[in-house]
>>> print(open('coords_14.cif').read())   # mmCIF, C-alpha atoms and all ligand atoms
data_final
loop_
_atom_site.label_atom_id
_atom_site.label_comp_id
_atom_site.auth_asym_id
_atom_site.auth_seq_id
_atom_site.Cartn_x
_atom_site.Cartn_y
_atom_site.Cartn_z
CA MET A 138 -116.63 -82.73 -64.78
CA ARG A 139 -118.51 -79.60 -65.77
CA ARG A 140 -122.19 -80.36 -66.21
CA THR A 141 -123.93 -79.05 -69.29
CA VAL A 142 -127.36 -80.44 -68.65
CA TYR A 143 -128.90 -77.52 -66.76
CA THR A 144 -129.75 -74.03 -68.05
CA ALA A 145 -129.67 -70.74 -66.09
CA ASP A 146 -133.40 -71.23 -65.38
CA HIS A 147 -132.75 -74.65 -63.87
CA GLU A 148 -129.96 -73.21 -61.72
CA ALA A 149 -132.20 -70.35 -60.55
CA PHE A 150 -134.77 -72.95 -59.50
CA ARG A 151 -132.01 -74.78 -57.59
CA GLU A 152 -131.15 -71.62 -55.65
CA THR A 153 -134.80 -71.01 -54.74
CA LEU A 154 -135.18 -74.60 -53.63
CA ARG A 155 -132.00 -74.55 -51.56
CA SER A 156 -133.15 -71.46 -49.64
CA PHE A 157 -136.60 -73.00 -49.17
CA ILE A 158 -135.12 -76.23 -47.77
CA ASP A 159 -132.91 -74.29 -45.36
CA ALA A 160 -135.82 -72.19 -44.12
CA GLU A 161 -138.80 -74.53 -44.24
CA VAL A 162 -137.46 -78.07 -43.99
CA VAL A 163 -134.19 -78.29 -42.07
CA PRO A 164 -135.61 -76.72 -38.85
CA HIS A 165 -138.52 -79.22 -38.79
CA PHE A 166 -136.89 -82.33 -40.18
CA GLU A 167 -136.04 -83.95 -36.83
CA GLU A 168 -139.69 -83.72 -35.81
CA TRP A 169 -140.88 -85.21 -39.11
CA TYR A 170 -138.30 -87.97 -38.76
CA ALA A 171 -139.46 -88.80 -35.23
CA ASN A 172 -143.14 -88.77 -36.28
CA GLY A 173 -142.45 -90.87 -39.38
CA ILE A 174 -144.43 -88.57 -41.64
CA VAL A 175 -144.31 -85.17 -43.33
CA PRO A 176 -147.21 -83.01 -42.05
CA LYS A 177 -149.77 -82.66 -44.80
CA ASP A 178 -149.83 -78.88 -44.71
CA PHE A 179 -146.17 -78.85 -45.79
CA TYR A 180 -147.42 -79.90 -49.22
CA LEU A 181 -149.36 -76.64 -49.43
CA LYS A 182 -146.02 -74.84 -49.09
CA LEU A 183 -144.49 -76.93 -51.87
CA GLY A 184 -147.58 -76.13 -53.94
CA GLU A 185 -147.20 -72.43 -53.25
CA LEU A 186 -143.55 -72.60 -54.25
CA GLY A 187 -144.69 -74.00 -57.60
CA VAL A 188 -142.89 -77.35 -57.24
CA PHE A 189 -145.92 -79.49 -58.15
CA GLY A 190 -146.98 -77.48 -61.18
CA ILE A 191 -143.78 -77.14 -63.17
CA GLU A 192 -144.87 -79.54 -65.90
CA VAL A 193 -148.61 -78.83 -65.63
CA PRO A 194 -150.11 -76.59 -68.35
CA GLU A 195 -150.81 -72.99 -67.36
CA GLU A 196 -154.58 -73.38 -67.83
CA PHE A 197 -154.59 -75.72 -64.81
CA GLY A 198 -152.41 -73.46 -62.66
CA GLY A 199 -148.99 -74.82 -63.61
CA ALA A 200 -145.92 -73.34 -65.28
CA GLY A 201 -146.22 -75.40 -68.48
CA GLU A 202 -142.52 -76.33 -68.61
CA ASN A 203 -141.62 -79.33 -70.69
CA SER A 204 -138.59 -80.51 -68.75
CA PHE A 205 -138.14 -83.26 -66.20
CA LYS A 206 -134.84 -81.63 -65.17
CA TYR A 207 -136.58 -79.52 -62.51
CA SER A 208 -137.63 -82.73 -60.80
CA ALA A 209 -134.05 -83.96 -61.02
CA ILE A 210 -132.91 -80.79 -59.25
CA LEU A 211 -135.43 -81.46 -56.50
CA GLN A 212 -133.89 -84.92 -56.01
CA GLU A 213 -130.40 -83.42 -55.96
CA GLU A 214 -131.22 -80.70 -53.46
CA THR A 215 -133.10 -82.87 -50.97
CA ALA A 216 -130.26 -85.41 -50.96
CA ARG A 217 -127.71 -82.63 -50.59
CA ALA A 218 -129.46 -81.37 -47.45
CA GLY A 219 -129.96 -84.91 -46.09
CA VAL A 220 -133.76 -84.53 -46.03
CA THR A 221 -136.73 -86.17 -47.74
CA PHE A 222 -140.19 -84.80 -48.56
CA GLY A 223 -142.25 -87.94 -47.93
CA GLY A 224 -144.61 -88.83 -50.76
CA SER A 225 -144.13 -85.67 -52.84
CA SER A 226 -141.81 -87.28 -55.39
CA VAL A 227 -144.41 -89.97 -56.06
CA HIS A 228 -147.04 -87.22 -56.45
CA VAL A 229 -145.06 -85.41 -59.16
CA ASP A 230 -142.62 -87.84 -60.72
CA LEU A 231 -144.78 -90.96 -60.76
CA CYS A 232 -148.41 -89.82 -60.79
CA LEU A 233 -148.34 -86.70 -62.95
CA PRO A 234 -147.32 -88.47 -66.20
CA TYR A 235 -150.38 -90.73 -65.90
CA LEU A 236 -152.66 -87.74 -65.35
CA MET A 237 -151.16 -85.76 -68.23
CA LYS A 238 -151.32 -88.65 -70.69
CA TYR A 239 -154.58 -90.42 -69.89
CA CYS A 240 -156.96 -87.91 -68.25
CA THR A 241 -159.85 -86.52 -70.24
CA ASP A 242 -160.16 -82.72 -70.29
CA GLU A 243 -162.96 -82.98 -67.74
CA GLN A 244 -160.72 -85.02 -65.41
CA LYS A 245 -157.84 -82.59 -65.83
CA LYS A 246 -160.12 -79.72 -64.83
CA ARG A 247 -161.26 -81.64 -61.77
CA TRP A 248 -157.91 -82.88 -60.53
CA LEU A 249 -155.00 -80.77 -61.78
CA PRO A 250 -155.60 -77.43 -59.99
CA GLY A 251 -155.59 -79.25 -56.63
CA PHE A 252 -152.63 -81.33 -57.75
CA VAL A 253 -150.68 -78.12 -58.38
CA ASP A 254 -151.52 -76.31 -55.14
CA GLY A 255 -151.03 -79.38 -52.94
CA THR A 256 -154.64 -79.71 -51.77
CA ASN A 257 -155.11 -82.88 -53.86
CA MET A 258 -152.18 -85.19 -53.12
CA PHE A 259 -151.72 -88.30 -55.25
CA ALA A 260 -150.18 -91.74 -54.71
CA ILE A 261 -150.04 -94.83 -56.92
CA ALA A 262 -150.99 -98.34 -55.83
CA MET A 263 -149.68 -101.20 -57.93
CA THR A 264 -148.09 -103.57 -55.42
CA GLU A 265 -150.15 -106.12 -53.47
CA PRO A 266 -149.15 -108.38 -50.59
CA GLY A 267 -148.82 -111.33 -53.01
CA THR A 268 -147.68 -109.40 -56.08
CA GLY A 269 -144.71 -107.07 -56.43
CA SER A 270 -142.37 -107.80 -59.33
CA ASP A 271 -145.04 -109.85 -61.10
CA LEU A 272 -147.69 -107.15 -61.44
CA ALA A 273 -149.78 -109.14 -63.89
CA GLY A 274 -150.63 -111.42 -60.98
CA MET A 275 -152.58 -108.72 -59.13
CA LYS A 276 -155.80 -109.80 -57.41
CA THR A 277 -157.60 -106.49 -56.74
CA THR A 278 -160.76 -106.36 -58.84
CA ALA A 279 -163.04 -103.62 -60.12
CA LYS A 280 -166.41 -104.81 -61.40
CA LEU A 281 -168.72 -102.54 -63.38
CA SER A 282 -172.12 -102.13 -61.66
CA GLU A 283 -175.23 -103.31 -63.49
CA ASP A 284 -176.45 -99.74 -64.05
CA GLY A 285 -173.02 -98.80 -65.44
CA THR A 286 -172.52 -95.84 -63.10
CA HIS A 287 -169.63 -97.15 -61.02
CA TYR A 288 -167.08 -99.89 -60.48
CA VAL A 289 -167.02 -101.93 -57.28
CA LEU A 290 -163.44 -102.14 -56.06
CA ASN A 291 -162.24 -104.97 -53.80
CA GLY A 292 -158.76 -106.00 -52.72
CA SER A 293 -155.68 -104.69 -50.99
CA LYS A 294 -152.39 -102.99 -51.73
CA THR A 295 -149.19 -102.65 -49.77
CA PHE A 296 -146.02 -100.50 -49.66
CA ILE A 297 -147.92 -97.47 -50.97
CA THR A 298 -145.76 -94.35 -50.65
CA GLY A 299 -147.81 -91.36 -49.53
CA GLY A 300 -150.64 -93.75 -48.69
CA VAL A 301 -151.57 -91.99 -45.44
CA ASN A 302 -151.57 -88.43 -46.77
CA ALA A 303 -153.06 -89.14 -50.21
CA ASP A 304 -156.36 -87.59 -51.33
CA ARG A 305 -156.47 -89.58 -54.57
CA VAL A 306 -154.75 -92.86 -55.37
CA ILE A 307 -154.18 -94.27 -58.84
CA VAL A 308 -155.24 -97.86 -58.15
CA CYS A 309 -154.46 -100.71 -60.55
CA ALA A 310 -157.16 -103.37 -60.58
CA ARG A 311 -158.42 -106.23 -62.70
CA THR A 312 -161.52 -105.40 -64.74
CA ALA A 313 -161.27 -108.62 -66.80
CA PRO A 314 -159.48 -111.94 -66.36
CA ALA A 315 -156.10 -112.46 -67.99
CA THR A 316 -156.28 -114.37 -71.26
CA PRO A 317 -154.20 -117.52 -71.97
CA GLU A 318 -152.26 -115.52 -74.58
CA ASP A 319 -151.80 -112.38 -72.48
CA ARG A 320 -151.47 -112.39 -68.68
CA ARG A 321 -151.27 -108.59 -68.77
CA HIS A 322 -154.69 -108.12 -70.32
CA GLY A 323 -157.59 -106.92 -68.15
CA ILE A 324 -155.87 -104.42 -65.86
CA SER A 325 -157.33 -100.91 -65.54
CA LEU A 326 -156.37 -97.78 -63.63
CA PHE A 327 -158.70 -95.77 -61.40
CA VAL A 328 -158.15 -92.42 -59.72
CA VAL A 329 -159.76 -93.33 -56.42
CA ASP A 330 -161.00 -90.72 -53.96
CA THR A 331 -159.62 -91.82 -50.59
CA SER A 332 -162.70 -90.53 -48.74
CA LEU A 333 -165.02 -93.07 -50.39
CA GLY A 334 -166.81 -95.61 -48.17
CA GLY A 335 -164.99 -98.95 -47.93
CA TYR A 336 -161.59 -97.38 -48.63
CA ALA A 337 -159.30 -97.89 -45.64
CA VAL A 338 -155.70 -97.03 -44.82
CA GLY A 339 -154.13 -99.88 -42.85
CA ARG A 340 -150.77 -99.87 -41.10
CA LYS A 341 -148.18 -97.21 -41.79
CA LEU A 342 -145.21 -99.52 -42.31
CA ASP A 343 -142.17 -99.28 -40.04
CA LYS A 344 -139.20 -99.00 -42.43
CA ILE A 345 -135.43 -99.03 -41.86
CA GLY A 346 -135.08 -95.86 -43.97
CA LEU A 347 -137.10 -93.10 -45.63
CA ARG A 348 -138.60 -92.52 -42.20
CA THR A 349 -140.54 -89.40 -43.22
CA SER A 350 -142.28 -91.24 -46.03
CA ASP A 351 -145.74 -92.55 -45.14
CA THR A 352 -145.65 -96.01 -46.71
CA ALA A 353 -148.95 -97.71 -46.06
CA GLU A 354 -151.22 -100.67 -46.59
CA LEU A 355 -154.55 -99.94 -48.27
CA SER A 356 -157.72 -102.01 -48.43
CA PHE A 357 -160.85 -101.72 -50.55
CA THR A 358 -164.16 -103.26 -49.54
CA ASP A 359 -166.94 -102.70 -52.07
CA VAL A 360 -165.64 -99.20 -52.80
CA LYS A 361 -167.96 -97.56 -55.34
CA VAL A 362 -165.68 -95.78 -57.80
CA PRO A 363 -167.62 -93.58 -60.26
CA VAL A 364 -167.05 -94.50 -63.94
CA GLU A 365 -165.88 -90.90 -64.40
CA ASP A 366 -162.78 -91.85 -62.39
CA LEU A 367 -161.54 -94.56 -64.76
CA LEU A 368 -158.16 -93.40 -66.12
CA GLY A 369 -157.70 -94.00 -69.84
CA GLU A 370 -159.30 -97.04 -71.40
CA GLU A 371 -160.53 -100.12 -69.61
CA ASN A 372 -158.17 -103.13 -69.66
CA LYS A 373 -155.22 -101.16 -71.05
CA GLY A 374 -153.64 -100.37 -67.68
CA PHE A 375 -150.66 -102.69 -67.96
CA GLY A 376 -149.51 -100.91 -71.11
CA TYR A 377 -149.82 -97.58 -69.31
CA LEU A 378 -147.64 -98.86 -66.47
CA GLY A 379 -145.00 -99.99 -68.97
CA GLN A 380 -144.93 -96.58 -70.64
CA ASN A 381 -144.44 -94.68 -67.40
CA LEU A 382 -141.91 -96.86 -65.61
CA PRO A 383 -138.90 -95.29 -67.45
CA GLN A 384 -139.53 -91.92 -65.73
CA GLU A 385 -139.93 -93.64 -62.35
CA ARG A 386 -136.61 -95.41 -62.91
CA LEU A 387 -134.88 -92.24 -64.05
CA THR A 388 -136.13 -90.50 -60.89
CA ILE A 389 -134.63 -93.24 -58.73
CA ALA A 390 -131.35 -93.15 -60.68
CA VAL A 391 -131.06 -89.39 -60.17
CA GLY A 392 -131.90 -89.76 -56.48
CA SER A 393 -129.21 -92.42 -56.06
CA TYR A 394 -126.62 -90.29 -57.82
CA ALA A 395 -127.55 -87.32 -55.61
CA GLN A 396 -127.31 -89.43 -52.45
CA ALA A 397 -123.85 -90.66 -53.49
CA ALA A 398 -122.74 -87.07 -54.06
CA ALA A 399 -124.04 -86.10 -50.62
CA ALA A 400 -122.31 -89.10 -49.00
CA ILE A 401 -118.95 -88.07 -50.46
CA ARG A 402 -119.42 -84.52 -49.18
CA PHE A 403 -120.38 -85.75 -45.72
CA ALA A 404 -117.38 -88.13 -45.62
CA GLN A 405 -114.93 -85.51 -46.83
CA ALA A 406 -116.07 -82.99 -44.20
CA TYR A 407 -116.12 -85.60 -41.45
CA THR A 408 -112.68 -87.05 -42.19
CA GLN A 409 -111.10 -83.60 -42.40
CA ASP A 410 -112.52 -82.77 -38.99
CA ARG A 411 -111.91 -86.08 -37.16
CA ASN A 412 -108.42 -86.54 -35.67
CA ILE A 413 -106.97 -89.93 -34.76
CA PHE A 414 -103.36 -90.91 -34.14
CA GLY A 415 -102.79 -87.13 -33.97
CA LYS A 416 -103.89 -86.32 -37.50
CA PRO A 417 -107.07 -85.94 -39.55
CA VAL A 418 -108.58 -89.15 -40.91
CA ALA A 419 -108.54 -87.41 -44.30
CA SER A 420 -104.74 -87.41 -44.25
CA PHE A 421 -104.46 -91.22 -44.43
CA GLN A 422 -103.74 -92.47 -47.92
CA ASN A 423 -106.57 -94.98 -47.61
CA THR A 424 -109.08 -92.19 -47.02
CA LYS A 425 -107.84 -90.24 -50.04
CA PHE A 426 -107.94 -93.34 -52.23
CA GLU A 427 -111.40 -94.30 -51.05
CA LEU A 428 -112.82 -90.84 -51.66
CA ALA A 429 -111.04 -90.57 -55.01
CA ALA A 430 -112.49 -93.93 -56.13
CA CYS A 431 -115.94 -92.79 -54.96
CA LYS A 432 -115.58 -89.55 -56.92
CA ALA A 433 -114.64 -91.43 -60.10
CA LYS A 434 -117.71 -93.60 -59.67
CA LEU A 435 -119.84 -90.53 -59.04
CA ASP A 436 -118.57 -88.94 -62.28
CA ALA A 437 -119.61 -92.07 -64.20
CA MET A 438 -123.06 -91.94 -62.57
CA GLU A 439 -123.35 -88.26 -63.40
CA SER A 440 -122.58 -88.78 -67.09
CA ASN A 441 -125.13 -91.57 -67.20
CA VAL A 442 -127.79 -89.54 -65.37
CA ASP A 443 -127.23 -86.44 -67.51
CA ARG A 444 -127.52 -88.46 -70.71
CA GLY A 445 -130.72 -90.00 -69.36
CA LEU A 446 -132.14 -86.57 -68.55
CA GLU A 447 -131.41 -85.28 -72.06
CA LEU A 448 -132.92 -88.35 -73.70
CA HIS A 449 -135.98 -88.21 -71.46
CA ASP A 450 -136.65 -84.53 -72.21
CA ALA A 451 -136.36 -85.41 -75.91
CA GLY A 452 -138.88 -88.26 -75.43
CA GLU A 453 -136.27 -90.86 -76.38
CA LEU A 454 -135.46 -92.71 -73.14
CA THR A 455 -136.40 -96.34 -73.76
CA ALA A 456 -137.48 -98.90 -71.16
CA ALA A 457 -134.16 -100.71 -71.56
CA ASP A 458 -132.19 -97.44 -71.25
CA ALA A 459 -134.01 -96.58 -68.03
CA ALA A 460 -133.50 -100.09 -66.64
CA SER A 461 -129.79 -99.88 -67.36
CA LEU A 462 -129.51 -96.40 -65.87
CA LYS A 463 -131.31 -97.36 -62.67
CA LEU A 464 -129.38 -100.61 -62.27
CA PHE A 465 -126.02 -98.92 -62.65
CA CYS A 466 -126.72 -95.83 -60.54
CA THR A 467 -128.42 -97.63 -57.65
CA GLU A 468 -125.74 -100.30 -57.38
CA ALA A 469 -122.90 -97.77 -57.70
CA ALA A 470 -124.49 -95.41 -55.17
CA SER A 471 -124.88 -98.22 -52.64
CA ASP A 472 -121.19 -98.97 -52.92
CA VAL A 473 -120.19 -95.30 -52.60
CA ILE A 474 -122.43 -94.70 -49.59
CA ASP A 475 -121.18 -97.84 -47.85
CA ARG A 476 -117.55 -96.75 -48.30
CA CYS A 477 -118.35 -93.24 -47.07
CA LEU A 478 -120.07 -94.67 -44.01
CA GLN A 479 -116.98 -96.81 -43.29
CA LEU A 480 -114.84 -93.66 -43.23
CA HIS A 481 -117.02 -92.32 -40.41
CA GLY A 482 -116.16 -95.29 -38.15
CA GLY A 483 -118.75 -95.92 -35.42
CA TYR A 484 -120.36 -92.51 -35.87
CA GLY A 485 -121.44 -93.62 -39.31
CA TYR A 486 -123.75 -96.10 -37.64
CA ILE A 487 -125.46 -93.52 -35.46
CA ASN A 488 -128.64 -91.99 -36.80
CA GLU A 489 -127.82 -88.44 -35.79
CA TYR A 490 -125.13 -88.48 -38.49
CA PRO A 491 -126.62 -87.87 -41.94
CA ILE A 492 -124.51 -90.63 -43.51
CA ALA A 493 -126.31 -93.24 -41.37
CA ARG A 494 -129.73 -92.11 -42.56
CA LEU A 495 -128.51 -91.87 -46.13
CA TYR A 496 -127.30 -95.48 -45.94
CA ALA A 497 -130.73 -96.67 -44.83
CA ASP A 498 -132.64 -94.37 -47.19
CA ASN A 499 -130.61 -95.48 -50.18
CA ARG A 500 -131.08 -99.22 -49.71
CA VAL A 501 -134.60 -99.32 -51.14
CA ASN A 502 -133.46 -97.86 -54.46
CA ARG A 503 -132.33 -101.33 -55.54
CA ILE A 504 -135.76 -102.73 -54.66
CA TYR A 505 -138.58 -100.38 -55.60
CA GLY A 506 -139.44 -99.21 -59.08
CA GLY A 507 -138.23 -102.62 -60.28
CA THR A 508 -135.67 -104.68 -58.37
CA SER A 509 -132.14 -104.98 -59.75
CA GLU A 510 -132.97 -108.55 -60.77
CA VAL A 511 -136.07 -107.47 -62.72
CA LEU A 512 -134.05 -104.72 -64.41
CA LYS A 513 -131.39 -107.23 -65.46
CA SER A 514 -134.16 -109.33 -67.04
CA ILE A 515 -135.36 -106.29 -69.04
CA ILE A 516 -131.83 -105.45 -70.19
CA ALA A 517 -131.10 -109.06 -71.13
CA LYS A 518 -134.35 -109.33 -73.09
CA ASN A 519 -133.46 -106.15 -74.97
CA MET A 520 -130.11 -107.74 -75.83
CA GLY A 521 -132.01 -110.60 -77.42
CA LEU A 522 -131.13 -113.04 -74.63
C1 LIG B 1 -140.31 -98.09 -49.23
C2 LIG B 1 -141.10 -98.67 -50.35
C3 LIG B 1 -141.96 -97.86 -51.09
C4 LIG B 1 -142.73 -98.39 -52.13
N1 LIG B 1 -143.63 -97.58 -52.78
C5 LIG B 1 -144.51 -98.14 -53.65
C6 LIG B 1 -145.60 -97.37 -54.20
O1 LIG B 1 -145.73 -96.17 -53.95
N2 LIG B 1 -146.48 -98.00 -55.02
C7 LIG B 1 -146.37 -99.32 -55.33
O2 LIG B 1 -147.22 -99.82 -56.07
N3 LIG B 1 -145.36 -100.08 -54.84
C8 LIG B 1 -144.44 -99.53 -54.00
N4 LIG B 1 -143.42 -100.29 -53.46
C9 LIG B 1 -143.34 -101.70 -53.83
C10 LIG B 1 -142.12 -102.06 -54.67
O3 LIG B 1 -142.24 -101.57 -55.97
C11 LIG B 1 -141.96 -103.59 -54.57
O4 LIG B 1 -141.51 -103.88 -53.26
C12 LIG B 1 -141.00 -104.14 -55.61
O5 LIG B 1 -141.57 -104.04 -56.89
C13 LIG B 1 -140.64 -105.61 -55.36
O6 LIG B 1 -141.79 -106.37 -55.15
P1 LIG B 1 -141.89 -107.35 -53.86
O7 LIG B 1 -141.56 -106.54 -52.67
O8 LIG B 1 -143.21 -108.02 -53.89
O9 LIG B 1 -140.73 -108.39 -54.07
P2 LIG B 1 -140.83 -109.77 -54.88
O10 LIG B 1 -141.40 -109.50 -56.22
O11 LIG B 1 -141.51 -110.78 -54.02
O12 LIG B 1 -139.29 -110.14 -55.04
C14 LIG B 1 -138.55 -110.92 -54.10
C15 LIG B 1 -137.19 -111.23 -54.71
O13 LIG B 1 -137.37 -112.00 -55.91
C16 LIG B 1 -136.65 -111.40 -56.96
N5 LIG B 1 -137.29 -111.64 -58.25
C17 LIG B 1 -138.55 -111.29 -58.60
N6 LIG B 1 -138.78 -111.64 -59.89
C18 LIG B 1 -137.64 -112.21 -60.33
C19 LIG B 1 -137.24 -112.80 -61.57
N7 LIG B 1 -138.07 -112.84 -62.62
N8 LIG B 1 -135.98 -113.31 -61.67
C20 LIG B 1 -135.14 -113.28 -60.62
N9 LIG B 1 -135.45 -112.73 -59.41
C21 LIG B 1 -136.68 -112.22 -59.29
C22 LIG B 1 -136.66 -109.92 -56.63
O14 LIG B 1 -135.65 -109.24 -57.34
C23 LIG B 1 -136.42 -109.96 -55.14
O15 LIG B 1 -135.05 -110.10 -54.87
C24 LIG B 1 -142.60 -99.76 -52.47
C25 LIG B 1 -141.72 -100.58 -51.74
C26 LIG B 1 -140.99 -100.06 -50.69
C27 LIG B 1 -140.09 -100.98 -49.92
#
>>> encode(input="coords_14.cif", output="structure tokens")
Amino acid sequence: MRRTVYTADHEAFRETLRSFIDAEVVPHFEEWYANGIVPKDFYLKLGELGVFGIEVPEEFGGAGENSFKYSAILQEETARAGVTFGGSSVHVDLCLPYLMKYCTDEQKKRWLPGFVDGTNMFAIAMTEPGTGSDLAGMKTTAKLSEDGTHYVLNGSKTFITGGVNADRVIVCARTAPATPEDRRHGISLFVVDTSLGGYAVGRKLDKIGLRTSDTAELSFTDVKVPVEDLLGEENKGFGYLGQNLPQERLTIAVGSYAQAAAAIRFAQAYTQDRNIFGKPVASFQNTKFELAACKAKLDAMESNVDRGLELHDAGELTAADAASLKLFCTEAASDVIDRCLQLHGGYGYINEYPIARLYADNRVNRIYGGTSEVLKSIIAKNMGL
């Protein structure tokens, strides 16, 4: 189906990005993959290209665009090329909305110019070893010092994307106990400088996919976080998380759709090239039917994603909409990618084939940003169930 969601400006950005990926990413990707991390200076190149500043106001060095669709194009183009940029999506798609909505002017002046040029990379730390889906159960604490100049942060986080490369991490911590009426009360957000004493990066976790993404454990031992680095109001953090999760879920939905599109392209090219029983695999009726069914599913994902992008740019994407979008797209993409891998036979299981990496990279989409089960709970609640 013809897409109507992108303007000529969006498409021009796509072209720039595609050339950039070919020149600056593809030649190095094997090395990044083997090292399990994107070199930090690559983020300076993304900064120079303007990727981090698209939605940042011009006074802080950005382009001042009011459209999430550029981020969607970034998801589409990385998936198309079979590459990933490590923690950069978290930096822009997850962290920026918090900074734009809850920073004071003074904080924006301090943090946004570096955010835009890639010298100040951000990550977000919600999850803890004992607390993933149930965020209200978090144990990390931040206690205001007696002289009121700083908070003392103690605790640990895990699964933090970009955790090795980050310069600043938005850390969620308890500043007050939960109340009997409201388990979510008492959580605050801090923009923590990763060079502070007592802040430590633990293991970089060994994952089955997203190998270039530095997913790490973090620990905080009496870290003195200046009061100037509290984000928004004390104890209101849980509400902030709720407001920003729809964009995170839309990002993952777009990424899943883009991975499914890439998988179909990889499978089509592979099956046209591979000959067995004296003819191309693509000539078997089963192959045609499989790819046709995948394409129909992809079209449904695309309509869903495009509607989500329009609603989000209009400020109308609800939490339940985003849950539904992510649930559908991640589950559908998993099915498409699995079928496309099957069409590759044994080669689909070998990492040097992009479909194999895509299969592993895609799997986490049904887990992070809210598991499929958590999303079903949100949708059901919205239905009045
Ligand atoms: C590669 C990767 C990157 C990540 N990046 C980040 C990051 O940058 N920052 C960050 O803060 N976190 C990050 N996460 C953490 C991620 O968001 C959590 O893993 C996710 O929220 C699930 O939490 P959990 O792993 O503790 O699983 P659990 O919450 O322990 O869930 C275990 C199982 O129980 C199910 N379950 C949970 N609640 C319910 C329920 N109410 N009803 C039915 N079933 C339920 C779940 O669906 C799941 O199947 C990342 C995770 C991964 C794997």
>>> closest_atom_pairs(input="coords_14.cif", of="chain A", to="ligand LIG 1 (chain B)", cutoff="9 Å", atoms="all atoms listed in the file", output="CSV")
residue,atom,partner,partner_atom,distance
A:Gly224,CA,B:LIG1,O1,8.1
A:Val227,CA,B:LIG1,O1,6.7
A:Leu231,CA,B:LIG1,O1,8.6
A:Ala260,CA,B:LIG1,O1,6.3
A:Ile261,CA,B:LIG1,N2,5.1
A:Ala262,CA,B:LIG1,O2,4.1
A:Met263,CA,B:LIG1,O2,3.4
A:Thr264,CA,B:LIG1,O2,3.9
A:Glu265,CA,B:LIG1,O8,7.2
A:Pro266,CA,B:LIG1,O8,6.8
A:Gly267,CA,B:LIG1,O8,6.6
A:Thr268,CA,B:LIG1,O8,5.2
A:Gly269,CA,B:LIG1,O8,3.1
A:Ser270,CA,B:LIG1,O10,3.7
A:Asp271,CA,B:LIG1,O10,6.1
A:Leu272,CA,B:LIG1,O5,8.2
A:Lys294,CA,B:LIG1,O2,7.5
A:Thr295,CA,B:LIG1,N3,6.9
A:Phe296,CA,B:LIG1,C24,4.5
A:Ile297,CA,B:LIG1,O1,3.9
A:Thr298,CA,B:LIG1,O1,3.8
A:Gly299,CA,B:LIG1,O1,6.9
A:Gly300,CA,B:LIG1,O1,7.6
A:Val308,CA,B:LIG1,O2,8.5
A:Cys309,CA,B:LIG1,O2,8.6
A:Leu342,CA,B:LIG1,C1,8.6
A:Lys344,CA,B:LIG1,C1,6.9
A:Ile345,CA,B:LIG1,C1,8.9
A:Gly346,CA,B:LIG1,C1,7.7
A:Leu347,CA,B:LIG1,C1,6.9
A:Ser350,CA,B:LIG1,C1,7.8
A:Asp351,CA,B:LIG1,C1,8.8
A:Thr352,CA,B:LIG1,C3,6.0
A:Ala353,CA,B:LIG1,N1,8.6
A:Asp498,CA,B:LIG1,C1,8.8
A:Val501,CA,B:LIG1,C27,5.9
A:Asn502,CA,B:LIG1,C27,8.6
A:Arg503,CA,B:LIG1,O14,8.8
A:Ile504,CA,B:LIG1,C12,5.5
A:Tyr505,CA,B:LIG1,O3,3.9
A:Gly506,CA,B:LIG1,O3,4.8
A:Gly507,CA,B:LIG1,O5,5.0
A:Thr508,CA,B:LIG1,O14,4.7
A:Ser509,CA,B:LIG1,O14,6.0
A:Glu510,CA,B:LIG1,O14,4.4
A:Val511,CA,B:LIG1,C18,5.5
A:Leu512,CA,B:LIG1,O14,8.5
A:Lys513,CA,B:LIG1,N8,8.5
A:Ser514,CA,B:LIG1,N7,6.9
>>> residues_near_point(input="coords_14.cif", point="(-166.6, -90.0, -65.2)", cutoff="10 Å", atoms="all atoms listed in the file", output="ChimeraX atom specification")
/A:241,243-244,286-287,362-368
>>> residues_around(input="coords_14.cif", residues="Phe166 in chain A", least_positions_apart="2", cutoff="12 Å", atoms="all atoms listed in the file", output="list in words")
Ile158, Asp159, Ala160, Glu161, Val162, Val163, Pro164, Glu168, Trp169, Tyr170, Ala171, Asn172, Gly173, Ile174, Val175, Pro176, Phe179, Thr215, Ala218, Gly219, Val220, Thr221, Phe222, Gly223, Arg348, Thr349, Ser350, Glu489 and Pro491 of chain A
>>> write_last_selection(input="coords_14.cif", atoms="C-alpha atoms", output="short mmCIF file (atom, residue, chain, number, x, y, z; two decimals), in the frame of the given file")
data_model
loop_
_atom_site.label_atom_id
_atom_site.label_comp_id
_atom_site.auth_asym_id
_atom_site.auth_seq_id
_atom_site.Cartn_x
_atom_site.Cartn_y
_atom_site.Cartn_z
CA ILE A 158 -135.12 -76.23 -47.77
CA ASP A 159 -132.91 -74.29 -45.36
CA ALA A 160 -135.82 -72.19 -44.12
CA GLU A 161 -138.80 -74.53 -44.24
CA VAL A 162 -137.46 -78.07 -43.99
CA VAL A 163 -134.19 -78.29 -42.07
CA PRO A 164 -135.61 -76.72 -38.85
CA GLU A 168 -139.69 -83.72 -35.81
CA TRP A 169 -140.88 -85.21 -39.11
CA TYR A 170 -138.30 -87.97 -38.76
CA ALA A 171 -139.46 -88.80 -35.23
CA ASN A 172 -143.14 -88.77 -36.28
CA GLY A 173 -142.45 -90.87 -39.38
CA ILE A 174 -144.43 -88.57 -41.64
CA VAL A 175 -144.31 -85.17 -43.33
CA PRO A 176 -147.21 -83.01 -42.05
CA PHE A 179 -146.17 -78.85 -45.79
CA THR A 215 -133.10 -82.87 -50.97
CA ALA A 218 -129.46 -81.37 -47.45
CA GLY A 219 -129.96 -84.91 -46.09
CA VAL A 220 -133.76 -84.53 -46.03
CA THR A 221 -136.73 -86.17 -47.74
CA PHE A 222 -140.19 -84.80 -48.56
CA GLY A 223 -142.25 -87.94 -47.93
CA ARG A 348 -138.60 -92.52 -42.20
CA THR A 349 -140.54 -89.40 -43.22
CA SER A 350 -142.28 -91.24 -46.03
CA GLU A 489 -127.82 -88.44 -35.79
CA PRO A 491 -126.62 -87.87 -41.94
#
